[in-house]
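See structure below.
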Amino acid sequence: MAARHEVLVIGGGNAGISLAARLRRYKVGDIGLVEPRTTHYFQPLFSHIGAGAARMSEAMRDQAKVMPRGVEWIRGSVADILPDENVVVLADGSRVGYGQLVVCPGLQLDWDGVPGLAEAMASPDVTSNYDPAMPEKTWALVRSLRHGTAVFTQPPGPAKCAGAAQKIAYMACDYWREQDVLRDIRVVLVVPTPTVFGVEGVDALLDAKVAEYGIELRTGTTLAGVDAARRTVSLAGPAGTEELAFDLLHVVPPQSAPDWLKSTALPAAGDAGGFVEVDPELLRHRRYPNVWSLGDAAATPNSKCGGALRKQVKVLAKNLKAVLAGTEPQQRYNHYGVCPFTLTRHTVLFAEFDHQYRPMPTFPWLDPAKERRWAWVLDRRIFPQIYWHLILKGRA
Ligand SMILES: Cc1cc2nc3c(=O)[nH]c(=O)nc-3n(C[C@H](O)[C@H](O)[C@H](O)COP(=O)(O)OP(=O)(O)OC[C@H]3O[C@@H](n4cnc5c(N)ncnc54)[C@H](O)[C@@H]3O)c2cc1C
């Protein structure tokens with residue numbers, strides 16, 4: 001065995017780094033963290049970059065710079081987890097043992113989940129803010145479109161910040177309106193849900209925005225195929241399949257847990273998404289009590305987003321600390337989720353809701369269904385600073 005850690009964390013993204021930092025603050029001494037990437041991304045900024053409202057350099061840091069002091073960074077990829085042996089196997093075949101394991105490798109983008117999509121991503125008119133290499137391509141496409149058809153699609157099933165599929169559509173429309181070309185652009189927004197998003201109050205404002213921009217909204221509809229050479233998509237909706245020509249296509253791909261995680265013993269039998277089977281409030285594995293999970297890879301029913309996992313980090317860190325001290329975990333995650341809808345390039349609607357899409361506002365005295373300029377300042381300017389300086393340090 002190459003090594004063993006009292007706490008081993010898989011994934012150094014939003015969840016893994018903030019959790020490891022918080023555990024260090026709780027004086028946990030021996031933490032190892034497995035992460036293959038040398039660049040850490042603050043993904044929420046990708047939406048702003050795609051709309052020309054932020055630069056890529058603001059969303060990136062060297063992974064070494066965000067790694068909490070005192071945490072051993074194991075530079076590699078996990079290929080397997082053997083929970084009966086308390087061992088993790090890396091892609092190079094080495095084995096790392098653990099006392100407690102936290103699994104947070106995020107989501108896999110299933111580009112092969114839609115026929116023609118993987119090939120289409122290399123074509124000049126197709127883009128996705130979900131690939132860190134593409135938010136700047138999105139902005140180049142938005143900026144250069146003067147007439148034609150723009151199609152924006154949101155996938156069915158679990159997705160990180162599902163509303164991000166819509167954010168870029170609204171900001172692009174705002175830009176085109178500003179440029180006085182919106183009337184020459186047909187904008188089609190494809191969502192899998194029966195209504196535009198599904199949260200009471202929020203839907204009314206999104207519907208109003210859709211009408212204001214003249215967007216054609218296709219509810220209950222999914223992307224069924226892309227033909228990049230012919231620049232057409234097929235959409236599967238309630239009335240059958242529709243073929244649509246496009247000049248710009250922004251796709252959010254289907255998503256699931258990473259394939260290697262799906263084939264371990266950690267997902268529940270029958271969970272096709274392959275997420276780690278945890279108690280959704282304690283965040284502890286239901287069958288392996290020394291295994292924990294949070295963030296996008298956990299089988300929790302909340303909306304998968306950084307706002308949700310900020311709450312999860314506090315719960316999991318305290319529960320793990322309790323278990324390391326020989327007591328029972330007491331903290332419970334309350335299913336909170338959030339989606340900051342950038343309705344223009346200057347305003348945001350903060351949709352806060354629980355796992356059943358019921359409103360869950362942080363400030364109940366404020367009308368939650370309102371777009372606000374200060375919310376944009378918070379989302380665009382202040383949150384990135386909170387992320388780099390407080391969240392990743394285990395302080396927020
Ligand atoms: C375009 C976009 C906009 C978004 N907007 C918002 C927003 O406005 N608000 C919000 O709250 N959330 C938003 N999100 C969602 C938010 O970024 C994610 O929910 C959050 O990053 C999830 O954190 P995580 O740690 O679970 O996964 P990630 O941050 O994705 O990190 C996972 C880490 O695990 C590593 N990893 C993967 N495989 C392995 C392996 N085999 N071994 C070891 N490590 C591995 C990866 O390299 C990565 O560093 C957005 C996401 C996107 C893409």
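Chain labels run A, B, ... following the order of the structure tokens; each chain numbers its residues from 1, and ligands are numbered from 1 in the order shown.
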Go through the chains and note each residue within 7 Å of ligand 1, using only C-alpha atoms and all ligand atoms, then give the set as a PDB file with N, CA and C atoms, in the first residue's frame.
```
ATOM      1  N   ILE A  10     -11.854  12.314  -2.251  1.00  0.00           N
ATOM      2  CA  ILE A  10     -11.716  12.101  -3.702  1.00  0.00           C
ATOM      3  C   ILE A  10     -12.316  13.305  -4.416  1.00  0.00           C
ATOM      4  N   GLY A  11     -11.477  14.087  -5.101  1.00  0.00           N
ATOM      5  CA  GLY A  11     -11.947  15.248  -5.861  1.00  0.00           C
ATOM      6  C   GLY A  11     -11.591  16.550  -5.170  1.00  0.00           C
ATOM      7  N   GLY A  12     -10.874  17.401  -5.866  1.00  0.00           N
ATOM      8  CA  GLY A  12     -10.480  18.701  -5.309  1.00  0.00           C
ATOM      9  C   GLY A  12     -11.210  19.840  -5.993  1.00  0.00           C
ATOM     10  N   GLY A  13     -12.525  19.665  -6.217  1.00  0.00           N
ATOM     11  CA  GLY A  13     -13.343  20.736  -6.775  1.00  0.00           C
ATOM     12  C   GLY A  13     -13.913  21.576  -5.642  1.00  0.00           C
ATOM     13  N   ASN A  14     -15.067  22.175  -5.905  1.00  0.00           N
ATOM     14  CA  ASN A  14     -15.722  23.026  -4.912  1.00  0.00           C
ATOM     15  C   ASN A  14     -15.913  22.285  -3.589  1.00  0.00           C
ATOM     16  N   ALA A  15     -16.442  21.050  -3.654  1.00  0.00           N
ATOM     17  CA  ALA A  15     -16.759  20.307  -2.428  1.00  0.00           C
ATOM     18  C   ALA A  15     -15.493  19.860  -1.710  1.00  0.00           C
ATOM     19  N   GLY A  16     -14.589  19.209  -2.440  1.00  0.00           N
ATOM     20  CA  GLY A  16     -13.425  18.588  -1.805  1.00  0.00           C
ATOM     21  C   GLY A  16     -12.521  19.598  -1.128  1.00  0.00           C
ATOM     22  N   VAL A  34      -7.229  13.309  -3.384  1.00  0.00           N
ATOM     23  CA  VAL A  34      -6.850  12.859  -4.728  1.00  0.00           C
ATOM     24  C   VAL A  34      -7.498  13.773  -5.756  1.00  0.00           C
ATOM     25  N   GLU A  35      -6.696  14.363  -6.623  1.00  0.00           N
ATOM     26  CA  GLU A  35      -7.222  15.273  -7.659  1.00  0.00           C
ATOM     27  C   GLU A  35      -6.247  15.269  -8.834  1.00  0.00           C
ATOM     28  N   PRO A  36      -6.727  14.945 -10.040  1.00  0.00           N
ATOM     29  CA  PRO A  36      -5.820  14.901 -11.187  1.00  0.00           C
ATOM     30  C   PRO A  36      -5.521  16.255 -11.827  1.00  0.00           C
ATOM     31  N   ARG A  37      -6.448  17.207 -11.723  1.00  0.00           N
ATOM     32  CA  ARG A  37      -6.287  18.461 -12.474  1.00  0.00           C
ATOM     33  C   ARG A  37      -5.310  19.411 -11.802  1.00  0.00           C
ATOM     34  N   HIS A  40      -7.950  24.658 -11.005  1.00  0.00           N
ATOM     35  CA  HIS A  40      -9.233  24.636 -10.301  1.00  0.00           C
ATOM     36  C   HIS A  40     -10.139  25.691 -10.943  1.00  0.00           C
ATOM     37  N   PHE A  42     -13.823  27.942 -10.953  1.00  0.00           N
ATOM     38  CA  PHE A  42     -15.052  28.413 -10.309  1.00  0.00           C
ATOM     39  C   PHE A  42     -16.115  28.448 -11.407  1.00  0.00           C
ATOM     40  N   GLN A  43     -16.861  27.343 -11.529  1.00  0.00           N
ATOM     41  CA  GLN A  43     -17.731  27.145 -12.692  1.00  0.00           C
ATOM     42  C   GLN A  43     -18.882  28.156 -12.836  1.00  0.00           C
ATOM     43  N   PRO A  44     -19.456  28.670 -11.731  1.00  0.00           N
ATOM     44  CA  PRO A  44     -20.553  29.632 -11.918  1.00  0.00           C
ATOM     45  C   PRO A  44     -20.178  30.835 -12.792  1.00  0.00           C
ATOM     46  N   LEU A  45     -18.904  31.182 -12.835  1.00  0.00           N
ATOM     47  CA  LEU A  45     -18.519  32.321 -13.687  1.00  0.00           C
ATOM     48  C   LEU A  45     -18.587  31.982 -15.173  1.00  0.00           C
ATOM     49  N   PHE A  46     -18.619  30.686 -15.504  1.00  0.00           N
ATOM     50  CA  PHE A  46     -18.656  30.298 -16.924  1.00  0.00           C
ATOM     51  C   PHE A  46     -19.855  30.948 -17.636  1.00  0.00           C
ATOM     52  N   SER A  47     -20.989  31.077 -16.920  1.00  0.00           N
ATOM     53  CA  SER A  47     -22.176  31.689 -17.549  1.00  0.00           C
ATOM     54  C   SER A  47     -21.879  33.140 -17.907  1.00  0.00           C
ATOM     55  N   GLY A  76      -3.495  12.329  -8.917  1.00  0.00           N
ATOM     56  CA  GLY A  76      -3.866  11.150  -9.684  1.00  0.00           C
ATOM     57  C   GLY A  76      -5.370  11.082  -9.794  1.00  0.00           C
ATOM     58  N   SER A  77      -5.836  10.045 -10.498  1.00  0.00           N
ATOM     59  CA  SER A  77      -7.279   9.828 -10.655  1.00  0.00           C
ATOM     60  C   SER A  77      -7.655   8.539  -9.961  1.00  0.00           C
ATOM     61  N   VAL A  78      -8.755   8.574  -9.258  1.00  0.00           N
ATOM     62  CA  VAL A  78      -9.265   7.337  -8.657  1.00  0.00           C
ATOM     63  C   VAL A  78      -9.910   6.508  -9.762  1.00  0.00           C
ATOM     64  N   ALA A  79      -9.607   5.201  -9.764  1.00  0.00           N
ATOM     65  CA  ALA A  79     -10.205   4.310 -10.759  1.00  0.00           C
ATOM     66  C   ALA A  79     -11.186   3.338 -10.111  1.00  0.00           C
ATOM     67  N   CYS A 104     -16.239  12.977  -3.625  1.00  0.00           N
ATOM     68  CA  CYS A 104     -16.856  14.152  -4.277  1.00  0.00           C
ATOM     69  C   CYS A 104     -16.150  14.468  -5.599  1.00  0.00           C
ATOM     70  N   PRO A 105     -16.224  13.533  -6.572  1.00  0.00           N
ATOM     71  CA  PRO A 105     -15.581  13.782  -7.868  1.00  0.00           C
ATOM     72  C   PRO A 105     -16.464  14.512  -8.875  1.00  0.00           C
ATOM     73  N   GLY A 106     -17.609  15.045  -8.433  1.00  0.00           N
ATOM     74  CA  GLY A 106     -18.458  15.829  -9.334  1.00  0.00           C
ATOM     75  C   GLY A 106     -19.177  14.968 -10.360  1.00  0.00           C
ATOM     76  N   LEU A 107     -19.605  15.626 -11.434  1.00  0.00           N
ATOM     77  CA  LEU A 107     -20.404  14.969 -12.475  1.00  0.00           C
ATOM     78  C   LEU A 107     -19.582  14.725 -13.727  1.00  0.00           C
ATOM     79  N   ASN A 129     -21.200  26.125 -22.297  1.00  0.00           N
ATOM     80  CA  ASN A 129     -20.485  26.718 -21.157  1.00  0.00           C
ATOM     81  C   ASN A 129     -20.051  25.647 -20.163  1.00  0.00           C
ATOM     82  N   TYR A 130     -20.495  24.407 -20.352  1.00  0.00           N
ATOM     83  CA  TYR A 130     -20.160  23.336 -19.401  1.00  0.00           C
ATOM     84  C   TYR A 130     -18.777  22.760 -19.642  1.00  0.00           C
ATOM     85  N   LYS A 160     -25.639  19.861 -13.117  1.00  0.00           N
ATOM     86  CA  LYS A 160     -25.191  20.895 -12.181  1.00  0.00           C
ATOM     87  C   LYS A 160     -25.782  22.222 -12.610  1.00  0.00           C
ATOM     88  N   CYS A 161     -26.347  22.922 -11.650  1.00  0.00           N
ATOM     89  CA  CYS A 161     -27.023  24.202 -11.888  1.00  0.00           C
ATOM     90  C   CYS A 161     -27.846  24.132 -13.178  1.00  0.00           C
ATOM     91  N   ALA A 164     -28.519  26.933 -15.542  1.00  0.00           N
ATOM     92  CA  ALA A 164     -27.458  27.602 -16.307  1.00  0.00           C
ATOM     93  C   ALA A 164     -27.712  27.492 -17.808  1.00  0.00           C
ATOM     94  N   PRO A 258     -19.385   9.831 -12.523  1.00  0.00           N
ATOM     95  CA  PRO A 258     -18.341   9.263 -13.387  1.00  0.00           C
ATOM     96  C   PRO A 258     -18.510   7.749 -13.550  1.00  0.00           C
ATOM     97  N   LEU A 294     -20.761  14.294  -0.777  1.00  0.00           N
ATOM     98  CA  LEU A 294     -21.460  15.587  -0.886  1.00  0.00           C
ATOM     99  C   LEU A 294     -21.212  16.152  -2.271  1.00  0.00           C
ATOM    100  N   GLY A 295     -21.910  17.248  -2.563  1.00  0.00           N
ATOM    101  CA  GLY A 295     -21.724  17.874  -3.872  1.00  0.00           C
ATOM    102  C   GLY A 295     -22.426  17.100  -4.963  1.00  0.00           C
ATOM    103  N   ASP A 296     -21.970  17.312  -6.195  1.00  0.00           N
ATOM    104  CA  ASP A 296     -22.694  16.808  -7.360  1.00  0.00           C
ATOM    105  C   ASP A 296     -22.749  15.282  -7.437  1.00  0.00           C
ATOM    106  N   ALA A 297     -21.767  14.569  -6.831  1.00  0.00           N
ATOM    107  CA  ALA A 297     -21.712  13.105  -6.977  1.00  0.00           C
ATOM    108  C   ALA A 297     -22.559  12.366  -5.937  1.00  0.00           C
ATOM    109  N   LYS A 304     -28.377  20.176  -7.827  1.00  0.00           N
ATOM    110  CA  LYS A 304     -26.918  20.080  -7.681  1.00  0.00           C
ATOM    111  C   LYS A 304     -26.286  21.434  -7.989  1.00  0.00           C
ATOM    112  N   CYS A 305     -25.724  22.070  -6.976  1.00  0.00           N
ATOM    113  CA  CYS A 305     -25.127  23.397  -7.181  1.00  0.00           C
ATOM    114  C   CYS A 305     -24.206  23.733  -6.027  1.00  0.00           C
ATOM    115  N   GLY A 306     -23.358  24.742  -6.279  1.00  0.00           N
ATOM    116  CA  GLY A 306     -22.412  25.165  -5.255  1.00  0.00           C
ATOM    117  C   GLY A 306     -23.122  25.691  -4.010  1.00  0.00           C
ATOM    118  N   GLY A 307     -24.263  26.350  -4.208  1.00  0.00           N
ATOM    119  CA  GLY A 307     -25.012  26.889  -3.074  1.00  0.00           C
ATOM    120  C   GLY A 307     -25.487  25.777  -2.151  1.00  0.00           C
ATOM    121  N   ALA A 308     -25.867  24.637  -2.731  1.00  0.00           N
ATOM    122  CA  ALA A 308     -26.308  23.495  -1.919  1.00  0.00           C
ATOM    123  C   ALA A 308     -25.120  22.920  -1.159  1.00  0.00           C
ATOM    124  N   VAL A 338     -30.091  26.540  -4.893  1.00  0.00           N
ATOM    125  CA  VAL A 338     -30.241  27.914  -5.386  1.00  0.00           C
ATOM    126  C   VAL A 338     -29.858  27.964  -6.860  1.00  0.00           C
ATOM    127  N   CYS A 339     -30.525  28.850  -7.596  1.00  0.00           N
ATOM    128  CA  CYS A 339     -30.082  29.113  -8.966  1.00  0.00           C
ATOM    129  C   CYS A 339     -30.172  30.618  -9.218  1.00  0.00           C
ATOM    130  N   PRO A 340     -29.036  31.278  -9.383  1.00  0.00           N
ATOM    131  CA  PRO A 340     -29.085  32.708  -9.724  1.00  0.00           C
ATOM    132  C   PRO A 340     -29.332  32.875 -11.224  1.00  0.00           C
TER     133      PRO A 340
END
```
Once you count only C-alpha atoms, what closest atom pair and distance in Å to one decimal does each residue of region 200-290 of chain A within 6 Å of region 149-155 of chain A have, with rows by chain and rising residue number, as CSV?
```
residue,atom,partner,partner_atom,distance
A:Phe246,CA,A:Thr149,CA,4.9
A:Asp247,CA,A:Thr149,CA,5.3
A:Leu248,CA,A:Ala150,CA,4.6
A:Leu249,CA,A:Val151,CA,4.9
A:His250,CA,A:Phe152,CA,4.8
A:Val251,CA,A:Thr153,CA,5.1
A:Val252,CA,A:Gln154,CA,5.4
A:Pro254,CA,A:Pro155,CA,5.4
```
If we count only C-alpha atoms and set the cut-off at 8 Å, which residues sit around Leu82 (chain A), ignoring sequence neighbours fewer than 6 positions away in its own chain? Please answer as a PyMOL selection string.
chain A and resi 88-89+264-265
Pairwise distance, CA of Ser128 (chain A) with CA of Leu33 (chain A), equals 29.0 Å
Can you list every residue in region 101-258 of chain A that DSSP puts in strand (DSSP E), as a PyMOL selection string?
chain A and resi 101-103+108-109+126-127+148-153+185-190+216-218+222-227+232-237+240-245+248-251+255-256
Considering only C-alpha atoms, return as a count of residues only whatever protein or nucleic-acid residues lie within 12 Å of Val190 (chain A), sequence-local ones (same chain, fewer than 5 positions apart) excluded.
36
Kindly indicate which residue among A:Met171, A:Ala118, A:Val9, A:Ala269 lies nearest to Glu72 (chain A), using only C-alpha atoms for the distances.
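Checking each candidate against Glu72 (chain A), we get A:Val9 as the closest.
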Interatomic distance (Å, one decimal) between CA of Tyr26 (chain A) and CA of Leu101 (chain A)
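CA of Leu101 (chain A) lies at a distance of 16.7 Å from CA of Tyr26 (chain A).
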For the contact check between region 296-359 of chain A and region 276-290 of chain A, emit one row per residue of region 296-359 of chain A within 10 Å, containing the shortest atom pair and the distance in Å rounded to one decimal, counting only C-alpha atoms, chain then rising number order, as a tab-separated table.
```
residue	atom	partner	partner_atom	distance
A:Asp296	CA	A:Val276	CA	9.7
A:Ala297	CA	A:Val276	CA	6.4
A:Ala298	CA	A:Val276	CA	4.8
A:Ala299	CA	A:Val276	CA	5.2
A:Thr300	CA	A:Pro280	CA	4.9
A:Pro301	CA	A:Pro280	CA	7.3
A:Asn302	CA	A:Pro280	CA	8.7
A:Gln312	CA	A:Leu283	CA	7.8
A:Val313	CA	A:Leu283	CA	9.6
A:Val315	CA	A:Leu282	CA	7.3
A:Leu316	CA	A:Leu283	CA	6.3
A:Asn319	CA	A:Leu282	CA	7.4
A:Leu320	CA	A:Arg284	CA	8.9
A:Val323	CA	A:Asn290	CA	8.8
A:Leu324	CA	A:Asn290	CA	9.9
A:Pro329	CA	A:Leu282	CA	7.2
A:Gln330	CA	A:Leu282	CA	7.6
A:Gln331	CA	A:Leu282	CA	6.4
A:Arg332	CA	A:Glu281	CA	4.6
A:Tyr333	CA	A:Glu281	CA	4.5
A:Asn334	CA	A:Glu281	CA	6.7
A:His335	CA	A:Glu281	CA	7.5
```
Would you work out the distance separating CA of Thr347 (chain A) from CA of Glu178 (chain A), expressed in Å to one decimal?
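Atom-to-atom, CA of Thr347 (chain A) to CA of Glu178 (chain A), that is 14.3 Å.
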Determine, counting only C-alpha atoms, which protein, DNA and RNA residues have an atom within 6 Å of an atom of Gly337 (chain A); residues of the same chain fewer than 3 positions away are not included. Present the result as an mmCIF file with all heavy atoms, in the first residue's frame.
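File produced: result09.cif:
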```cif
data_model
loop_
_atom_site.group_PDB
_atom_site.id
_atom_site.type_symbol
_atom_site.label_atom_id
_atom_site.label_comp_id
_atom_site.auth_asym_id
_atom_site.auth_seq_id
_atom_site.Cartn_x
_atom_site.Cartn_y
_atom_site.Cartn_z
ATOM 1 N N SER A 303 -31.220 20.168 -5.794
ATOM 2 C CA SER A 303 -30.634 20.655 -7.045
ATOM 3 C C SER A 303 -29.116 20.704 -6.863
ATOM 4 O O SER A 303 -28.617 21.192 -5.854
ATOM 5 C CB SER A 303 -31.202 22.055 -7.276
ATOM 6 O OG SER A 303 -30.498 22.707 -8.270
ATOM 7 N N ALA A 308 -25.867 24.637 -2.731
ATOM 8 C CA ALA A 308 -26.308 23.495 -1.919
ATOM 9 C C ALA A 308 -25.120 22.920 -1.159
ATOM 10 O O ALA A 308 -25.194 22.632 0.035
ATOM 11 C CB ALA A 308 -26.930 22.428 -2.819
ATOM 12 N N GLU A 352 -34.293 30.387 -4.832
ATOM 13 C CA GLU A 352 -33.844 29.499 -3.747
ATOM 14 C C GLU A 352 -34.978 28.535 -3.446
ATOM 15 O O GLU A 352 -36.133 28.967 -3.267
ATOM 16 C CB GLU A 352 -33.511 30.320 -2.500
ATOM 17 C CG GLU A 352 -32.355 31.289 -2.696
ATOM 18 C CD GLU A 352 -32.131 32.126 -1.445
ATOM 19 O OE1 GLU A 352 -32.973 33.019 -1.179
ATOM 20 O OE2 GLU A 352 -31.145 31.869 -0.730
ATOM 21 N N PHE A 353 -34.672 27.254 -3.363
ATOM 22 C CA PHE A 353 -35.751 26.265 -3.267
ATOM 23 C C PHE A 353 -35.221 24.976 -2.650
ATOM 24 O O PHE A 353 -34.006 24.763 -2.568
ATOM 25 C CB PHE A 353 -36.325 25.997 -4.672
ATOM 26 C CG PHE A 353 -35.264 25.784 -5.713
ATOM 27 C CD1 PHE A 353 -34.814 24.510 -6.018
ATOM 28 C CD2 PHE A 353 -34.681 26.858 -6.383
ATOM 29 C CE1 PHE A 353 -33.821 24.307 -6.963
ATOM 30 C CE2 PHE A 353 -33.685 26.664 -7.331
ATOM 31 C CZ PHE A 353 -33.249 25.382 -7.620
ATOM 32 N N ASP A 354 -36.157 24.117 -2.213
ATOM 33 C CA ASP A 354 -35.739 22.855 -1.606
ATOM 34 C C ASP A 354 -35.774 21.727 -2.650
ATOM 35 O O ASP A 354 -35.974 21.986 -3.849
ATOM 36 C CB ASP A 354 -36.570 22.536 -0.350
ATOM 37 C CG ASP A 354 -38.021 22.182 -0.682
ATOM 38 O OD1 ASP A 354 -38.359 22.062 -1.891
ATOM 39 O OD2 ASP A 354 -38.826 22.019 0.244
#
```
From the options A:Ile185, A:Ile382, A:Ala351, A:Val291, which residue's atoms come nearest to Glu200 (chain A), counting only C-alpha atoms?
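Closest to Glu200 (chain A) of all the choices is A:Ala351.
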Could you find all residues in region 8-255 of chain A that DSSP calls alpha helix (DSSP H) from the backbone, and write them as a PyMOL selection string?
chain A and resi 14-25+45-50+63-66+117-120+135-144+164-178+202-213
